[in-house]
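Take a look at the structure below.
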Amino acid sequence: MIDRLNASLNVMQHSLNLRAERQEVLSANIANADTPGYKARDFDFKSELDRVVNQGRAEGQSGLSLSMTSSRHIPAQAGGSVGGIDMLYRNPTQPSLDGNTVDMDMERVNFADNAVHYQADVQFLTSRLQGLKNAMQRES
């Protein structure tokens, strides 16, 4: 029973973490809408959640690691991922002349959609925890 509860709460935790990371990526796209040459990034939420739930993700795990040939080197990570998530470039529907691929309409829609899903996940988790709390309280 406790294992099922823990697994369920872990899925919700991973979902909320991925939603928060996606919100940061989308807000970076919006912030760089006027930056020449900026390429809009995003990731597929469903496939990343499936990957995280099936494989698990160690705390602080990142993408590719770079080899260090000296103890004085600073540890770094390759640029293909953020927080262990494989980032994808967005294909622009109408590329701009300055090379920027941010479509503000699409970014706003994705940002709002992600925010609504994040709020729904929080409400679902809150109601689930409230139900558990009610089940554990003694009846008067």
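We name chains A, B, ... following the order of the structure tokens; residues begin at 1 in each chain, and ligands are numbered from 1 as shown.
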I'd like a table as JSON lines: residues in segment 12-71 of chain A with an atom no more than 12 Å from segment 115-133 of chain A, each row giving the shortest atom pair and its distance in Å to one decimal, only C-alpha atoms counted, sorted by chain and rising residue number.
{"residue": "A:Met12", "atom": "CA", "partner": "A:Leu125", "partner_atom": "CA", "distance": 7.0}
{"residue": "A:Gln13", "atom": "CA", "partner": "A:Leu125", "partner_atom": "CA", "distance": 9.0}
{"residue": "A:His14", "atom": "CA", "partner": "A:Asp121", "partner_atom": "CA", "distance": 10.7}
{"residue": "A:Ser15", "atom": "CA", "partner": "A:Asp121", "partner_atom": "CA", "distance": 7.7}
{"residue": "A:Leu16", "atom": "CA", "partner": "A:Tyr118", "partner_atom": "CA", "distance": 6.4}
{"residue": "A:Asn17", "atom": "CA", "partner": "A:Tyr118", "partner_atom": "CA", "distance": 9.3}
{"residue": "A:Leu18", "atom": "CA", "partner": "A:Tyr118", "partner_atom": "CA", "distance": 9.3}
{"residue": "A:Arg19", "atom": "CA", "partner": "A:Tyr118", "partner_atom": "CA", "distance": 6.0}
{"residue": "A:Ala20", "atom": "CA", "partner": "A:Tyr118", "partner_atom": "CA", "distance": 7.6}
{"residue": "A:Glu21", "atom": "CA", "partner": "A:Tyr118", "partner_atom": "CA", "distance": 10.9}
{"residue": "A:Arg22", "atom": "CA", "partner": "A:Ala115", "partner_atom": "CA", "distance": 9.6}
{"residue": "A:Gln23", "atom": "CA", "partner": "A:Ala115", "partner_atom": "CA", "distance": 7.3}
{"residue": "A:Glu24", "atom": "CA", "partner": "A:Ala115", "partner_atom": "CA", "distance": 10.9}
{"residue": "A:Leu26", "atom": "CA", "partner": "A:Ala115", "partner_atom": "CA", "distance": 10.6}
{"residue": "A:Ser27", "atom": "CA", "partner": "A:Ala115", "partner_atom": "CA", "distance": 11.2}
{"residue": "A:Phe45", "atom": "CA", "partner": "A:His117", "partner_atom": "CA", "distance": 11.1}
Just C-alpha atoms for this one: save the residues we selected as a PDB file, in the first residue's frame.
ATOM      1  CA  MET A  12       3.210  13.772  -9.386  1.00  0.00           C
ATOM      2  CA  GLN A  13       6.525  15.163  -8.134  1.00  0.00           C
ATOM      3  CA  HIS A  14       8.232  14.426 -11.447  1.00  0.00           C
ATOM      4  CA  SER A  15       5.299  15.910 -13.345  1.00  0.00           C
ATOM      5  CA  LEU A  16       5.433  19.144 -11.347  1.00  0.00           C
ATOM      6  CA  ASN A  17       9.218  19.368 -11.741  1.00  0.00           C
ATOM      7  CA  LEU A  18       8.989  18.898 -15.508  1.00  0.00           C
ATOM      8  CA  ARG A  19       6.177  21.438 -15.782  1.00  0.00           C
ATOM      9  CA  ALA A  20       8.289  23.970 -13.854  1.00  0.00           C
ATOM     10  CA  GLU A  21      11.308  23.291 -16.099  1.00  0.00           C
ATOM     11  CA  ARG A  22       9.160  23.649 -19.224  1.00  0.00           C
ATOM     12  CA  GLN A  23       7.784  26.945 -17.905  1.00  0.00           C
ATOM     13  CA  GLU A  24      11.361  28.227 -17.590  1.00  0.00           C
ATOM     14  CA  LEU A  26       9.059  28.810 -22.538  1.00  0.00           C
ATOM     15  CA  SER A  27       9.682  32.010 -20.582  1.00  0.00           C
ATOM     16  CA  PHE A  45       6.549  16.739 -21.935  1.00  0.00           C
TER      17      PHE A  45
END
In Å, how far is it from atom CA of Asp34 of chain A to atom CA of Asn91 of chain A?
->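 One can read the atom CA of Asp34 of chain A to atom CA of Asn91 of chain A distance as 17.0 Å.
Note that the spacing between atom CA of Ala28 of chain A and atom CA of Phe111 of chain A amounts to 10.7 Å.
The closest residue to Tyr89 of chain A, picked from A:Ala40, A:Ile30, A:Met104, A:Met68 and counting only C-alpha atoms, is A:Ala40.
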**Among the residues A:Phe43, A:Met87, A:Asn29, A:Gly37, the one that comes closest to Met106 of chain A [using only C-alpha atoms]** =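 Nearest candidate to Met106 of chain A out of A:Phe43, A:Met87, A:Asn29, A:Gly37: A:Asn29.
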Discussion item. Based on the backbone DSSP call, show me all residues of chain A assigned strand (DSSP E), as a ChimeraX atom specification.
Written reply: /A:41-42,81-82,85-86,88-89
Using all heavy atoms, can you write the selected residues to a file as a PDB file, in the first residue's frame?
ATOM      1  N   ARG A  41      13.388  26.948 -28.092  1.00  0.00           N
ATOM      2  CA  ARG A  41      13.604  25.581 -27.614  1.00  0.00           C
ATOM      3  C   ARG A  41      12.355  25.102 -26.886  1.00  0.00           C
ATOM      4  O   ARG A  41      11.565  25.881 -26.383  1.00  0.00           O
ATOM      5  CB  ARG A  41      14.783  25.536 -26.625  1.00  0.00           C
ATOM      6  CG  ARG A  41      16.082  26.144 -27.073  1.00  0.00           C
ATOM      7  CD  ARG A  41      16.868  25.378 -28.093  1.00  0.00           C
ATOM      8  NE  ARG A  41      17.234  24.033 -27.768  1.00  0.00           N
ATOM      9  CZ  ARG A  41      18.392  23.643 -27.258  1.00  0.00           C
ATOM     10  NH1 ARG A  41      19.312  24.514 -26.952  1.00  0.00           N
ATOM     11  NH2 ARG A  41      18.640  22.372 -27.049  1.00  0.00           N
ATOM     12  N   ASP A  42      12.205  23.808 -26.802  1.00  0.00           N
ATOM     13  CA  ASP A  42      11.119  23.190 -26.063  1.00  0.00           C
ATOM     14  C   ASP A  42      11.453  21.717 -25.905  1.00  0.00           C
ATOM     15  O   ASP A  42      12.461  21.236 -26.440  1.00  0.00           O
ATOM     16  CB  ASP A  42       9.785  23.375 -26.798  1.00  0.00           C
ATOM     17  CG  ASP A  42       8.578  23.221 -25.881  1.00  0.00           C
ATOM     18  OD1 ASP A  42       8.759  22.906 -24.681  1.00  0.00           O
ATOM     19  OD2 ASP A  42       7.448  23.415 -26.354  1.00  0.00           O
ATOM     20  N   SER A  81      21.340  19.446 -23.525  1.00  0.00           N
ATOM     21  CA  SER A  81      20.235  19.201 -22.613  1.00  0.00           C
ATOM     22  C   SER A  81      20.242  20.217 -21.484  1.00  0.00           C
ATOM     23  O   SER A  81      21.243  20.850 -21.217  1.00  0.00           O
ATOM     24  CB  SER A  81      20.321  17.783 -22.047  1.00  0.00           C
ATOM     25  OG  SER A  81      21.456  17.656 -21.228  1.00  0.00           O
ATOM     26  N   VAL A  82      19.105  20.328 -20.837  1.00  0.00           N
ATOM     27  CA  VAL A  82      18.964  21.199 -19.680  1.00  0.00           C
ATOM     28  C   VAL A  82      18.371  20.358 -18.570  1.00  0.00           C
ATOM     29  O   VAL A  82      17.276  19.825 -18.724  1.00  0.00           O
ATOM     30  CB  VAL A  82      18.045  22.407 -19.995  1.00  0.00           C
ATOM     31  CG1 VAL A  82      17.759  23.200 -18.734  1.00  0.00           C
ATOM     32  CG2 VAL A  82      18.665  23.285 -21.050  1.00  0.00           C
ATOM     33  N   ILE A  85      17.186  16.964 -19.569  1.00  0.00           N
ATOM     34  CA  ILE A  85      16.115  16.905 -20.558  1.00  0.00           C
ATOM     35  C   ILE A  85      16.692  17.246 -21.920  1.00  0.00           C
ATOM     36  O   ILE A  85      17.361  18.252 -22.076  1.00  0.00           O
ATOM     37  CB  ILE A  85      14.992  17.906 -20.199  1.00  0.00           C
ATOM     38  CG1 ILE A  85      14.391  17.548 -18.851  1.00  0.00           C
ATOM     39  CG2 ILE A  85      13.928  17.935 -21.275  1.00  0.00           C
ATOM     40  CD1 ILE A  85      13.418  18.579 -18.338  1.00  0.00           C
ATOM     41  N   ASP A  86      16.423  16.390 -22.895  1.00  0.00           N
ATOM     42  CA  ASP A  86      16.888  16.655 -24.251  1.00  0.00           C
ATOM     43  C   ASP A  86      16.043  17.765 -24.852  1.00  0.00           C
ATOM     44  O   ASP A  86      14.842  17.607 -25.053  1.00  0.00           O
ATOM     45  CB  ASP A  86      16.811  15.401 -25.121  1.00  0.00           C
ATOM     46  CG  ASP A  86      17.807  14.351 -24.689  1.00  0.00           C
ATOM     47  OD1 ASP A  86      18.879  14.741 -24.185  1.00  0.00           O
ATOM     48  OD2 ASP A  86      17.519  13.156 -24.848  1.00  0.00           O
ATOM     49  N   LEU A  88      14.791  20.367 -27.727  1.00  0.00           N
ATOM     50  CA  LEU A  88      14.565  20.349 -29.162  1.00  0.00           C
ATOM     51  C   LEU A  88      14.405  21.772 -29.665  1.00  0.00           C
ATOM     52  O   LEU A  88      13.934  22.646 -28.938  1.00  0.00           O
ATOM     53  CB  LEU A  88      13.290  19.560 -29.483  1.00  0.00           C
ATOM     54  CG  LEU A  88      13.207  18.139 -28.942  1.00  0.00           C
ATOM     55  CD1 LEU A  88      11.807  17.580 -29.148  1.00  0.00           C
ATOM     56  CD2 LEU A  88      14.250  17.261 -29.600  1.00  0.00           C
ATOM     57  N   TYR A  89      14.809  22.011 -30.907  1.00  0.00           N
ATOM     58  CA  TYR A  89      14.568  23.311 -31.522  1.00  0.00           C
ATOM     59  C   TYR A  89      13.186  23.301 -32.142  1.00  0.00           C
ATOM     60  O   TYR A  89      12.733  22.295 -32.669  1.00  0.00           O
ATOM     61  CB  TYR A  89      15.612  23.613 -32.601  1.00  0.00           C
ATOM     62  CG  TYR A  89      16.965  23.911 -32.038  1.00  0.00           C
ATOM     63  CD1 TYR A  89      17.986  22.991 -32.122  1.00  0.00           C
ATOM     64  CD2 TYR A  89      17.222  25.124 -31.417  1.00  0.00           C
ATOM     65  CE1 TYR A  89      19.237  23.263 -31.597  1.00  0.00           C
ATOM     66  CE2 TYR A  89      18.466  25.406 -30.881  1.00  0.00           C
ATOM     67  CZ  TYR A  89      19.468  24.470 -30.978  1.00  0.00           C
ATOM     68  OH  TYR A  89      20.685  24.744 -30.444  1.00  0.00           O
TER      69      TYR A  89
END
Quiz item: If you run DSSP on the backbone, which residues of chain A are alpha helix (DSSP H), as a PyMOL selection string?
Solution: chain A and resi 2-31+45-55+104-136
